[in-house]
Structure formats: structure tokens, C-alpha cells
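run-v8.txt (compact mmCIF, C-alpha atoms) appears below.
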```txt
# COMPACT_ATOMS: atom_id res chain seq x y z
CA MET A 1 94.98 71.92 100.27
CA SER A 2 96.49 74.60 98.04
CA GLY A 3 93.59 74.75 95.58
CA ARG A 4 95.85 73.95 92.64
CA VAL A 5 95.76 71.13 90.13
CA GLY A 6 96.82 67.91 91.88
CA ASP A 7 96.20 69.37 95.34
CA LEU A 8 92.43 69.74 95.60
CA SER A 9 90.14 68.57 98.37
CA ARG A 10 86.92 66.73 97.45
CA LYS A 11 84.97 69.95 98.13
CA GLN A 12 87.30 71.95 95.90
CA GLU A 13 86.92 69.41 93.08
CA GLU A 14 83.15 69.68 93.37
CA ASP A 15 83.31 73.50 93.35
CA LEU A 16 85.55 73.46 90.29
CA GLN A 17 83.00 71.34 88.41
CA LYS A 18 80.16 73.64 89.52
CA PHE A 19 82.18 76.63 88.34
CA LYS A 20 82.72 75.02 84.95
CA ASP A 21 79.00 74.34 84.64
CA ASN A 22 78.13 77.91 85.64
CA VAL A 23 80.40 79.51 83.01
CA ALA A 24 80.05 76.83 80.31
CA ASP A 25 78.54 79.37 77.89
CA ILE A 26 81.76 81.43 77.75
CA LEU A 27 84.46 78.75 78.16
CA GLU A 28 87.15 78.53 75.48
CA ASN A 29 89.55 75.74 74.61
CA ASN A 30 92.43 77.36 76.49
CA HIS A 31 90.39 77.67 79.71
CA ASP A 32 91.83 74.59 81.40
CA ASP A 33 91.67 73.64 85.08
CA TYR A 34 94.88 75.53 85.90
CA TYR A 35 93.34 78.70 84.49
CA LEU A 36 89.88 78.31 86.01
CA LEU A 37 91.24 77.59 89.48
CA LYS A 38 92.89 81.01 89.47
CA TRP A 39 89.47 82.68 89.51
CA LEU A 40 88.25 80.47 92.34
CA ARG A 41 91.33 81.14 94.46
CA ALA A 42 91.13 84.88 93.71
CA ARG A 43 87.64 84.99 95.25
CA HIS A 44 88.36 82.46 98.02
CA TRP A 45 86.17 79.77 96.46
CA ASN A 46 83.02 81.88 96.49
CA LEU A 47 81.31 80.54 93.36
CA LYS A 48 79.10 83.56 92.79
CA LYS A 49 81.94 86.08 93.14
CA SER A 50 84.30 83.93 91.05
CA GLU A 51 81.76 83.70 88.25
CA GLU A 52 81.12 87.45 88.35
CA MET A 53 84.86 88.17 88.21
CA PHE A 54 85.40 85.73 85.34
CA ARG A 55 82.48 87.04 83.28
CA ASN A 56 83.61 90.63 83.81
CA ALA A 57 87.11 89.70 82.62
CA VAL A 58 85.80 87.95 79.51
CA ARG A 59 83.69 91.02 78.78
CA PHE A 60 86.74 93.26 79.35
CA ARG A 61 88.80 91.25 76.86
CA LYS A 62 86.11 91.65 74.23
CA GLN A 63 85.76 95.37 74.87
CA MET A 64 89.52 95.94 74.69
CA LYS A 65 89.94 93.46 71.80
CA THR A 66 92.84 92.04 73.76
CA ASP A 67 93.85 89.29 71.33
CA GLU A 68 93.99 91.76 68.44
CA LEU A 69 95.72 94.34 70.64
CA PHE A 70 98.49 91.87 71.49
CA GLN A 71 99.20 91.28 67.81
CA THR A 72 98.94 94.83 66.51
CA TRP A 73 99.60 97.33 69.33
CA LYS A 74 102.68 99.53 69.10
CA ASP A 75 103.51 101.81 72.01
CA PRO A 76 103.60 105.54 71.29
CA GLU A 77 107.20 106.70 71.12
CA VAL A 78 107.16 108.27 74.59
CA LEU A 79 106.04 104.98 76.19
CA GLU A 80 108.45 102.92 74.13
CA LYS A 81 111.35 105.07 75.30
CA TYR A 82 110.38 106.00 78.85
CA LEU A 83 107.98 103.41 80.34
CA VAL A 84 110.34 101.46 82.58
CA GLY A 85 110.75 97.71 82.93
CA GLY A 86 111.65 94.48 81.15
CA ILE A 87 111.98 90.71 81.50
CA CYS A 88 115.54 90.02 82.64
CA GLY A 89 115.44 86.24 83.17
CA TYR A 90 113.75 83.41 85.08
CA ASP A 91 113.67 82.36 88.72
CA LYS A 92 114.83 78.96 89.96
CA GLY A 93 111.39 77.52 89.28
CA GLY A 94 111.27 78.81 85.71
CA SER A 95 108.94 81.79 86.24
CA PRO A 96 109.76 84.94 84.24
CA ILE A 97 111.20 87.88 86.17
CA TRP A 98 109.83 91.35 85.46
CA LEU A 99 112.30 94.01 86.63
CA GLU A 100 110.80 97.47 87.08
CA PRO A 101 113.23 100.29 88.00
CA PHE A 102 110.36 102.45 89.23
CA GLY A 103 112.62 105.15 90.67
CA HIS A 104 113.85 105.94 87.15
CA LEU A 105 110.32 106.64 85.91
CA ASP A 106 109.31 110.27 85.30
CA PRO A 107 105.77 110.41 86.76
CA LYS A 108 104.91 113.96 85.75
CA GLY A 109 106.42 113.58 82.33
CA LEU A 110 104.39 110.43 81.82
CA VAL A 111 101.10 112.02 82.92
CA TYR A 112 101.77 115.15 80.84
CA SER A 113 102.74 113.30 77.67
CA ALA A 114 100.76 110.03 77.46
CA ARG A 115 97.07 109.23 77.36
CA GLY A 116 95.84 107.06 80.22
CA SER A 117 94.19 104.75 77.68
CA ASP A 118 97.53 104.23 75.93
CA ILE A 119 99.26 103.40 79.22
CA LEU A 120 96.51 100.88 79.99
CA LYS A 121 96.82 99.27 76.54
CA SER A 122 100.59 99.08 76.98
CA LYS A 123 100.18 97.31 80.32
CA ILE A 124 97.58 94.90 78.88
CA VAL A 125 99.97 93.97 76.08
CA LEU A 126 102.69 93.49 78.70
CA CYS A 127 100.45 91.08 80.63
CA GLU A 128 99.73 89.17 77.43
CA ARG A 129 103.44 89.04 76.67
CA VAL A 130 104.17 87.63 80.12
CA HIS A 131 101.42 85.02 79.65
CA GLU A 132 103.06 84.05 76.37
CA GLU A 133 106.27 83.56 78.38
CA TYR A 134 104.30 81.26 80.69
CA ARG A 135 103.26 79.10 77.74
CA GLN A 136 106.78 78.93 76.34
CA GLN A 137 108.27 78.04 79.72
CA THR A 138 105.58 75.41 80.31
CA ASN A 139 106.41 73.74 76.99
CA LYS A 140 110.15 74.01 77.61
CA LEU A 141 110.19 72.70 81.17
CA GLY A 142 107.32 70.22 80.98
CA CYS A 143 105.58 71.65 84.04
CA ARG A 144 102.99 74.35 84.45
CA ILE A 145 104.37 77.90 84.71
CA ASP A 146 101.70 80.55 85.23
CA THR A 147 103.11 83.10 87.68
CA ALA A 148 105.82 85.76 87.50
CA VAL A 149 108.35 87.26 89.90
CA VAL A 150 108.49 91.06 90.05
CA ILE A 151 111.46 93.12 91.25
CA PHE A 152 110.19 96.62 91.95
CA ASP A 153 113.27 98.77 92.48
CA LEU A 154 113.00 102.15 94.22
CA GLU A 155 116.50 103.48 93.60
CA ASN A 156 116.23 107.24 92.92
CA VAL A 157 112.60 107.42 94.04
CA THR A 158 111.52 110.92 95.12
CA LEU A 159 108.42 112.64 96.41
CA THR A 160 107.32 113.17 92.82
CA HIS A 161 106.59 109.45 92.62
CA ILE A 162 103.63 109.89 95.01
CA TRP A 163 102.22 112.81 93.00
CA LYS A 164 98.43 112.36 93.16
CA PRO A 165 97.52 112.37 89.43
CA PHE A 166 100.17 109.74 88.80
CA MET A 167 99.27 107.59 91.82
CA ASP A 168 95.60 107.71 90.84
CA LEU A 169 96.47 106.52 87.34
CA TYR A 170 98.90 103.88 88.58
CA GLY A 171 96.39 102.58 91.12
CA GLN A 172 93.66 102.30 88.48
CA VAL A 173 95.95 100.32 86.18
CA LEU A 174 96.94 98.00 89.05
CA GLY A 175 93.29 97.44 89.88
CA ILE A 176 92.48 96.51 86.27
CA MET A 177 95.42 94.09 86.17
CA GLU A 178 94.27 92.48 89.44
CA SER A 179 90.73 92.03 88.13
CA ASN A 180 91.66 90.58 84.76
CA TYR A 181 94.88 88.65 85.39
CA PRO A 182 94.34 87.14 88.86
CA GLU A 183 96.81 84.90 90.68
CA SER A 184 99.61 85.85 88.26
CA LEU A 185 102.09 87.05 90.87
CA LYS A 186 104.49 84.58 92.46
CA LEU A 187 106.50 87.05 94.52
CA CYS A 188 107.17 90.79 94.43
CA PHE A 189 110.46 92.07 95.84
CA ILE A 190 110.57 95.78 96.71
CA THR A 191 114.28 96.71 96.64
CA ARG A 192 116.04 99.83 97.90
CA ALA A 193 112.80 100.91 99.60
CA PRO A 194 113.07 104.27 101.40
CA ARG A 195 110.65 105.21 104.16
CA LEU A 196 108.66 107.21 101.64
CA PHE A 197 107.56 103.88 100.19
CA SER A 198 105.22 103.32 103.12
CA VAL A 199 103.23 106.40 102.04
CA GLY A 200 103.02 105.35 98.39
CA TYR A 201 102.12 101.79 99.36
CA ASN A 202 99.30 103.11 101.52
CA ILE A 203 97.86 104.85 98.44
CA VAL A 204 97.91 101.83 96.10
CA LYS A 205 97.10 99.19 98.74
CA PRO A 206 93.31 99.50 98.26
CA PHE A 207 93.77 98.40 94.64
CA LEU A 208 95.56 95.17 95.67
CA SER A 209 93.97 92.01 97.01
CA GLU A 210 95.08 90.63 100.36
CA ASP A 211 96.63 87.63 98.60
CA THR A 212 98.73 89.94 96.42
CA ARG A 213 99.84 92.01 99.42
CA ASN A 214 100.95 88.83 101.17
CA LYS A 215 103.32 88.10 98.28
CA VAL A 216 105.19 91.40 98.67
CA ILE A 217 108.66 91.22 100.29
CA ILE A 218 109.99 94.64 101.26
CA LEU A 219 113.76 95.05 101.31
CA GLY A 220 116.07 98.00 101.88
CA ASN A 221 119.60 98.34 100.53
CA ASN A 222 120.85 94.89 101.54
CA PHE A 223 118.72 92.78 99.22
CA GLU A 224 121.15 90.82 97.00
CA SER A 225 121.44 87.71 99.18
CA GLU A 226 117.65 87.53 99.52
CA LEU A 227 117.12 87.71 95.75
CA LEU A 228 119.73 85.01 95.16
CA LYS A 229 117.74 82.60 97.31
CA TYR A 230 115.10 82.60 94.57
CA ILE A 231 117.03 83.59 91.43
CA ASP A 232 120.30 82.23 90.02
CA ALA A 233 123.00 84.84 89.47
CA ASP A 234 123.05 84.30 85.69
CA GLN A 235 119.38 85.39 85.52
CA LEU A 236 119.86 88.64 87.43
CA PRO A 237 121.57 91.93 86.42
CA ALA A 238 124.84 92.67 88.20
CA HIS A 239 123.26 95.85 89.62
CA PHE A 240 120.99 93.53 91.63
CA GLY A 241 123.62 91.03 92.75
CA GLY A 242 123.71 88.80 89.67
CA THR A 243 126.12 88.43 86.76
CA LEU A 244 124.12 89.75 83.78
CA ARG A 245 125.65 92.75 82.01
CA ASP A 246 125.19 94.56 78.72
CA PRO A 247 127.80 93.93 75.98
CA ASP A 248 129.51 97.18 77.05
CA GLY A 249 129.67 96.01 80.67
CA ASN A 250 126.74 98.05 81.99
CA PRO A 251 125.57 96.24 85.16
CA ARG A 252 121.97 97.45 84.78
CA TYR A 253 121.28 95.23 81.74
CA THR A 254 119.61 97.97 79.72
CA THR A 255 119.47 95.79 76.59
CA LYS A 256 116.54 94.00 78.24
CA VAL A 257 115.30 96.48 80.85
CA CYS A 258 114.16 100.03 80.02
CA TYR A 259 115.33 102.57 82.60
CA GLY A 260 113.23 105.44 81.33
CA GLY A 261 114.61 108.78 82.47
CA LYS A 262 113.45 112.38 82.29
CA ILE A 263 110.86 112.83 79.55
CA PRO A 264 111.64 115.87 77.34
CA GLU A 265 108.98 118.58 77.43
CA SER A 266 108.67 118.28 73.65
CA TYR A 267 106.43 115.27 74.36
CA TYR A 268 104.17 117.22 76.73
CA SER A 269 100.56 118.08 75.98
CA ARG A 270 99.77 121.65 77.06
CA ASP A 271 96.17 120.64 77.86
CA LYS A 272 97.42 117.96 80.25
CA MET A 273 99.80 120.39 81.96
CA GLN A 274 96.92 122.76 82.69
CA ASN A 275 94.35 120.10 83.65
CA THR A 276 92.50 121.10 86.84
CA GLU A 277 89.46 118.89 86.34
CA ASN A 278 89.71 117.14 89.73
CA MET A 279 90.52 120.23 91.81
CA LYS A 280 88.29 122.23 94.14
CA SER A 281 87.63 125.91 93.40
CA VAL A 282 87.69 128.84 95.79
CA THR A 283 87.98 132.64 95.58
CA VAL A 284 90.23 134.55 97.98
CA SER A 285 89.03 138.13 98.30
CA ARG A 286 91.39 141.04 97.81
CA GLY A 287 93.37 141.95 100.92
CA SER A 288 92.50 138.67 102.67
CA SER A 289 93.66 135.08 103.09
CA LEU A 290 92.05 131.65 103.25
CA ASP A 291 93.05 129.06 105.88
CA LEU A 292 92.27 125.37 105.32
CA GLU A 293 92.74 123.00 108.27
CA TYR A 294 93.89 119.38 108.05
CA THR A 295 94.36 116.85 110.83
CA VAL A 296 97.48 114.67 111.00
CA ASP A 297 97.30 111.63 113.26
CA ILE A 298 100.45 109.67 112.33
CA PRO A 299 104.11 110.84 112.51
CA GLY A 300 105.82 110.77 109.13
CA THR A 301 102.70 111.88 107.24
CA TYR A 302 103.08 113.96 104.07
CA ILE A 303 100.90 116.93 103.19
CA SER A 304 100.76 117.20 99.41
CA TRP A 305 99.41 120.09 97.35
CA GLU A 306 98.63 121.25 93.84
CA PHE A 307 97.05 124.56 92.93
CA GLN A 308 96.61 127.06 90.15
CA SER A 309 95.47 130.67 90.31
CA GLU A 310 93.83 132.71 87.59
CA GLY A 311 95.21 136.00 86.36
CA ALA A 312 97.94 136.62 88.95
CA ASP A 313 100.13 135.01 91.59
CA VAL A 314 99.05 134.05 95.12
CA GLY A 315 100.83 133.46 98.41
CA PHE A 316 101.07 129.96 99.88
CA GLY A 317 102.26 128.66 103.24
CA ILE A 318 101.73 125.88 105.80
CA PHE A 319 101.54 126.21 109.60
CA LYS A 320 100.86 124.05 112.65
CA LYS A 321 98.38 125.06 115.33
CA ASP A 322 99.82 125.19 118.84
CA GLY A 323 97.16 123.91 121.23
CA SER A 324 93.78 125.62 121.41
CA ASP A 325 95.08 129.17 121.07
CA LYS A 326 95.66 131.01 117.81
CA ALA A 327 99.45 130.65 117.86
CA LEU A 328 100.89 129.07 114.73
CA THR A 329 104.27 127.45 114.10
CA THR A 330 105.60 128.02 110.60
CA ILE A 331 106.16 124.80 108.64
CA LEU A 332 106.49 126.33 105.19
CA PRO A 333 106.92 130.12 105.10
CA THR A 334 104.41 131.98 102.98
CA SER A 335 105.78 132.94 99.58
CA ARG A 336 104.23 134.27 96.39
CA CYS A 337 103.88 131.57 93.75
CA LYS A 338 103.59 132.06 89.99
CA SER A 339 100.71 129.60 89.96
CA ASN A 340 98.96 131.61 87.27
CA ILE A 341 101.59 130.38 84.82
CA VAL A 342 101.85 126.68 85.70
CA ILE A 343 100.31 124.42 88.34
CA GLU A 344 102.25 124.73 91.62
CA ASP A 345 102.84 121.52 93.55
CA GLY A 346 104.92 120.09 96.37
CA GLN A 347 104.95 118.06 99.58
CA VAL A 348 105.98 118.53 103.18
CA LYS A 349 106.71 115.78 105.71
CA VAL A 350 105.46 116.34 109.26
CA GLU A 351 106.58 114.27 112.24
CA HIS A 352 104.16 115.60 114.85
CA PRO A 353 100.40 114.85 114.99
CA GLY A 354 98.11 117.87 115.22
CA THR A 355 96.15 120.39 113.18
CA TYR A 356 97.90 121.94 110.19
CA VAL A 357 96.82 125.08 108.36
CA VAL A 358 97.28 125.46 104.60
CA ARG A 359 97.06 129.15 103.76
CA PHE A 360 96.36 130.91 100.47
CA ASP A 361 97.47 134.50 101.03
CA ASN A 362 96.12 137.46 99.06
CA THR A 363 96.67 140.14 101.72
CA TYR A 364 99.21 141.94 99.56
CA SER A 365 96.68 142.55 96.77
CA TRP A 366 94.18 145.36 97.38
CA VAL A 367 92.91 145.32 93.81
CA LYS A 368 92.35 141.73 92.69
CA SER A 369 90.54 138.77 94.18
CA LYS A 370 92.16 135.43 93.27
CA LYS A 371 90.28 132.42 91.96
CA ILE A 372 92.18 129.28 92.92
CA LYS A 373 91.79 125.65 91.96
CA TYR A 374 93.49 123.32 94.42
CA SER A 375 93.95 119.78 95.67
CA ILE A 376 95.36 119.11 99.15
CA GLU A 377 96.02 115.59 100.40
CA VAL A 378 97.14 114.16 103.73
CA LEU A 379 99.16 111.00 103.01
CA PRO A 380 99.88 108.85 106.07
CA PRO A 381 102.50 106.07 106.00
CA ASP A 382 101.63 102.39 106.30
CA ASN A 383 102.79 101.38 109.78
CA GLU A 384 103.20 97.71 108.88
CA VAL A 385 105.52 98.63 106.02
CA GLU A 386 107.39 101.08 108.26
CA ASN A 387 108.14 98.25 110.67
CA GLN A 388 109.34 95.98 107.85
CA LEU A 389 111.73 98.64 106.55
CA GLY A 390 113.59 98.88 109.86
CA ASN A 391 116.97 100.61 109.74
CA ASP A 392 117.89 99.31 106.28
CA ALA A 393 115.84 101.89 104.38
CA PRO A 394 118.02 104.12 102.15
CA GLU A 395 117.85 107.90 102.22
CA LEU A 396 115.37 109.59 99.92
CA ALA A 397 116.85 110.77 96.63
CA ASN A 398 117.28 114.50 96.17
CA GLU A 399 114.84 116.32 93.94
CA SER A 400 114.01 119.83 92.85
CA SER A 401 110.54 119.85 94.47
CA GLN A 402 110.23 121.83 97.67
CA ILE A 403 110.29 119.69 100.82
CA THR A 404 110.54 120.52 104.47
CA GLN A 405 110.99 118.02 107.28
CA LEU A 406 110.43 118.73 110.98
```

Final C-alpha cells representation of the file:
Amino acid sequence: MSGRVGDLSRKQEEDLQKFKDNVADILENNHDDYYLLKWLRARHWNLKKSEEMFRNAVRFRKQMKTDELFQTWKDPEVLEKYLVGGICGYDKGGSPIWLEPFGHLDPKGLVYSARGSDILKSKIVLCERVHEEYRQQTNKLGCRIDTAVVIFDLENVTLTHIWKPFMDLYGQVLGIMESNYPESLKLCFITRAPRLFSVGYNIVKPFLSEDTRNKVIILGNNFESELLKYIDADQLPAHFGGTLRDPDGNPRYTTKVCYGGKIPESYYSRDKMQNTENMKSVTVSRGSSLDLEYTVDIPGTYISWEFQSEGADVGFGIFKKDGSDKALTTILPTSRCKSNIVIEDGQVKVEHPGTYVVRFDNTYSWVKSKKIKYSIEVLPPDNEVENQLGNDAPELANESSQITQL
């Protein structure tokens, strides 16, 4: 049995009634069986866990004043202009389609210019807006609509899109959405997915339930025919294989879908640009260097870094250990970085397992020690996703960030 209204076993009907009794003190008029069953399915019919999840969500709505937020919230200008996405139509079953051109998002610009709390509020209002679409479609079609289709497009995605501060923020928002709007996803299509996606997916996967992950369909460049199995052409932008266009003929349908773009630095907060709160601190003595070792087990892993030095520049390079001896193969040649002016960051992709050395070099300075704040991450790909991508994965978009591939 599916665990949905009209398809419940006797045991499931009994559990639903027990659940209602357990949460009777917080039930509202709009908490019908369709809605309550979502919480039971989300926790695999564990009554205790379902009740805990439901009570936490009710508490969250009160804390965030969600109903009031939906009526009164207005996105800050930078989010209104540059936070990507929009509802472009409905699938063949009547579910709304949220199209998110993620590759056109400016991750650093977003982190530097918007408060995390504002991004969360914007996403909450979006969820409420989609639920309002559910109600309208239910009334229009005469059948229950309470899930959405997501098209998550990775055209133009670059290494910047797996920048740690952004991925941390994005993962937290996803986790909050999962906890407070369960069982809302019908299907998620990942289109134009490059191999880099397997790394990013590995980062956010812990925030997603197994049920949500099972609804993700990963596609490369040849995705149009697959989308049209679920969505009529007149509900899909021409850029995705449909017929929808803007009045001026633009195939991306930007009248309904925001494509973001590069956020001007005039929106940036200087405090955010210099934020090193989550970094480790170390001092490299004058005339010396510091070597940090990291183990890579999976081919295609990325080593990602951010660092800032105080007072003056510092050298930075990456090497691979050759066996047990002291020989090193250069991966990224050491160069002096103006990290005293702005946080230095980048990524390198390595195809060979082994021990890698990240070096902060101060051998050229016989006068000053260098205090450095840094964050180094080893980001392995998700092998299951790698296998799904096959040979259809597009090439990674070019970007200004430094990248080396061996």
C-alpha cells in the first residue's frame, strides 16, 4: 500500500488514527488526512518520530511567523533580482513545475550580499507560494495536488558553485525545507549535469532524506525527450525542449523564471567578504613553510581552499607525495598570493589517490612571520551519481578561478 488516502492498509489506518490522537492538541482545520499522512510517510510510519517531526514543524512555523511572513515578506532587492528560479507551468498530472537555473546563480555574490536569515525567509515564502499553487490546482482539477516537480538546471555551473560557505548555507536551507515541508517533491530532474555535480551532490546529500534522493533523476545534455514524458511542451520553456517563449522570443522564459546573473559588488557587505569565523588559525614563522597533508582515496576528488593572511602576502602551493620518500610532484606551483587584501580561494581536481601536501610558504620573508586563517576541504565525488552521468555529462563551464586537472 502506498500510504496515501484511498490506499491504506488496516495497520496504516490504525496508525493514522493514533497519530491524530497523539497530536490532537496542535491540530488545525487544514490538517486533513492528506497532510497528516505526509508526516507518517516521511518517518516511515514511526509514530514517535512522526509526532516529533510534526511538533517541531508547528513550533518552527510559530517561531518564523510563517503565515504572516507569507503575506508581508518582500525580498531584499538583491534576492529579488538575483535569486534564481520560477514556476514555469504544470506537469501532466497538474503539479506545479519549479525551474531553477542553478548554474546562473552567483554563489559568492549571494553569500557576500545577503543575510542567511533573509535567504531562509525567501525560501519559506517560496514553499508557501508553491503550497498555495497546490490548493489552487486541487480546486481547479478536482483531485488532490500536493507535490511539485523541480527542474534543477546546471548549465554554466562552475567550481564556484561548490564553494564551501555557499554549500553550507544551501545545505542548511535544504535541511530546513525537508524538515518542515515533507513529501512535497514529486520528481527532481537534474539537467545538463557535468561530472562536477557528483561532488556537489555528495556535499548536500546528508541534508536529504533517502525518499527525496530516490526521486532525483540525473540527466546530461540529452534531457528533452525525458522531460516531455512527464511535461507537455506548452508547459515547458523552449530552452528545455518545450514551446514556451517570452514575448520577444527568448526561449528561456525569463518573464516567469529568474536567471540571476553576476551580482554587482555594490551589493556586497565588506564584513561578509572578510569573514573568517569558521577558519583555522596558524602562524608560519619567518623564513619557513608549513605543510598540511590530506589523503585522497577516490579519483576525481577536488581539493578546495580558502585562506587569508594578516599584514602581508604568503606563498601557496599543492604537491603530491611520491611513495614513502620525500619526493613531491607539483600539482599547483607555489606562488605568492595577496591574501592580506582579500580571501584567496580555489580548487584543484586530482585523479590519482594518495597523500597531497598543501603548503603555505614564507621562506622568502626573513623579517615577518605570517598569521594565516584557512579552510581546506577534500571533496570526493559520489560514485553512484558518477555512474548515472555516463558519457552524456557536458564539459564544465569556464571560470576565472584557478583550476588544475591531472

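The smallest atom-to-atom distance between Thr212 of chain A and any of A:Lys123, A:Lys186, A:Lys62, A:Arg129, using all atoms listed in the file, is found for A:Lys186.
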
- Task: Check the smallest atom-to-atom distance from each of A:Val357, A:Cys143, A:Ile343, A:Ile162 to Thr329 of chain A using all atoms listed in the file, then report the winner.
- Result: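 With all atoms listed in the file as the atom set, the closest residue is A:Val357.
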
Around all of segment 81-94 of chain A's listed atoms, make the axis-aligned box with 3 Å on each side and tell me centre and edge lengths in Å to one decimal, as AutoDock Vina command-line options.
```
--center_x 111.8 --center_y 91.8 --center_z 82.6 --size_x 13.6 --size_y 34.5 --size_z 20.7
```

- Task: Compile the contact shell of Ser122 of chain A as a PyMOL selection string: residues with an atom at most 12 Å away, counting all atoms listed in the file, same-chain residues fewer than 6 positions apart removed.
- Result: chain A and resi 64+66+69-70+72-80+83-85+114-116+128-129+173+177

Spatial neighbours of Asp67 of chain A, max dist 12 Å, all atoms listed in the file, sep filter under 6 positions, as a PDB file with C-alpha atoms, in the coordinates of the input:
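Here's the written file selection-v6.pdb:
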```
ATOM      1  CA  VAL A  58      85.800  87.950  79.510  1.00  0.00           C
ATOM      2  CA  PHE A  60      86.740  93.260  79.350  1.00  0.00           C
ATOM      3  CA  ARG A  61      88.800  91.250  76.860  1.00  0.00           C
ATOM      4  CA  TRP A  73      99.600  97.330  69.330  1.00  0.00           C
ATOM      5  CA  LYS A 121      96.820  99.270  76.540  1.00  0.00           C
ATOM      6  CA  ILE A 124      97.580  94.900  78.880  1.00  0.00           C
ATOM      7  CA  VAL A 125      99.970  93.970  76.080  1.00  0.00           C
ATOM      8  CA  CYS A 127     100.450  91.080  80.630  1.00  0.00           C
ATOM      9  CA  GLU A 128      99.730  89.170  77.430  1.00  0.00           C
ATOM     10  CA  ARG A 129     103.440  89.040  76.670  1.00  0.00           C
ATOM     11  CA  GLU A 132     103.060  84.050  76.370  1.00  0.00           C
TER      12      GLU A 132
END
```

For segment 149-263 of chain A versus segment 296-310 of chain A, which residues have an atom no more than 12 Å away, and what is each residue's nearest atom pair and distance in Å rounded to one decimal, using only C-alpha atoms, chain-then-number order, as CSV?
```
residue,atom,partner,partner_atom,distance
A:Leu159,CA,A:Ser304,CA,9.4
A:Thr160,CA,A:Ser304,CA,10.1
A:His161,CA,A:Ser304,CA,11.8
A:Ile162,CA,A:Ser304,CA,9.0
A:Trp163,CA,A:Ser304,CA,7.9
A:Lys164,CA,A:Ser304,CA,8.2
A:Pro165,CA,A:Glu306,CA,10.0
A:Arg195,CA,A:Gly300,CA,8.9
A:Leu196,CA,A:Gly300,CA,8.8
A:Phe197,CA,A:Gly300,CA,11.4
A:Ser198,CA,A:Gly300,CA,9.6
A:Val199,CA,A:Thr301,CA,7.6
A:Gly200,CA,A:Tyr302,CA,10.3
A:Asn202,CA,A:Thr301,CA,11.0
A:Ile203,CA,A:Tyr302,CA,11.9
```

Export of the given selection (C-alpha atoms) as a CSV table (one decimal), keeping the file's coordinate frame:
```csv
chain,number,residue,atom,x,y,z
A,159,LEU,CA,108.4,112.6,96.4
A,160,THR,CA,107.3,113.2,92.8
A,161,HIS,CA,106.6,109.4,92.6
A,162,ILE,CA,103.6,109.9,95.0
A,163,TRP,CA,102.2,112.8,93.0
A,164,LYS,CA,98.4,112.4,93.2
A,165,PRO,CA,97.5,112.4,89.4
A,195,ARG,CA,110.6,105.2,104.2
A,196,LEU,CA,108.7,107.2,101.6
A,197,PHE,CA,107.6,103.9,100.2
A,198,SER,CA,105.2,103.3,103.1
A,199,VAL,CA,103.2,106.4,102.0
A,200,GLY,CA,103.0,105.4,98.4
A,202,ASN,CA,99.3,103.1,101.5
A,203,ILE,CA,97.9,104.8,98.4
```

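With all atoms listed in the file as the basis for measurement, A:Ala57 is the residue among A:Ala42, A:Leu47, A:Leu37, A:Ala57 that approaches Asn180 of chain A most closely.
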
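Counting only C-alpha atoms and comparing A:Tyr253, A:Trp366, A:Phe360, A:Tyr267, the residue that lies closest to Cys88 of chain A is A:Tyr253.
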
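Atom pair atom CA of Glu351 of chain A / atom CA of Pro194 of chain A has a distance of 16.1 Å (rounded to one decimal).
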
- Task: Using all atoms listed in the file, pick whichever of A:Thr355, A:Asn156, A:Thr254, A:Ser225 has the shortest atom-to-atom distance to Thr295 of chain A.
- Result: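 Smallest separation from Thr295 of chain A among the options: A:Thr355.
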
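Of the residues under consideration (A:Gln136, A:Gln172, A:Ser289, A:Ser375), A:Ser375 shows the shortest atom-to-atom contact distance to Gln347 of chain A when counting all atoms listed in the file.
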
- Message: Excluding Pro182 of chain A and its own-chain neighbours fewer than 3 positions away, which residues fall within 7 Å of it when counting all atoms listed in the file? Please give them as a list in words.
- Response: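 With the cut-off at 7 Å, the set is Lys38, Trp39, Ala42, Glu178 and Ser179 of chain A.
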
- List the neighbours of Phe223 of chain A out to 12 Å using all atoms listed in the file; skip same-chain residues closer than 4 positions along the sequence, and give me the result as a PyMOL selection string. chain A and resi 151-153+189-193+217-219+227-230+239-242+389+392-394
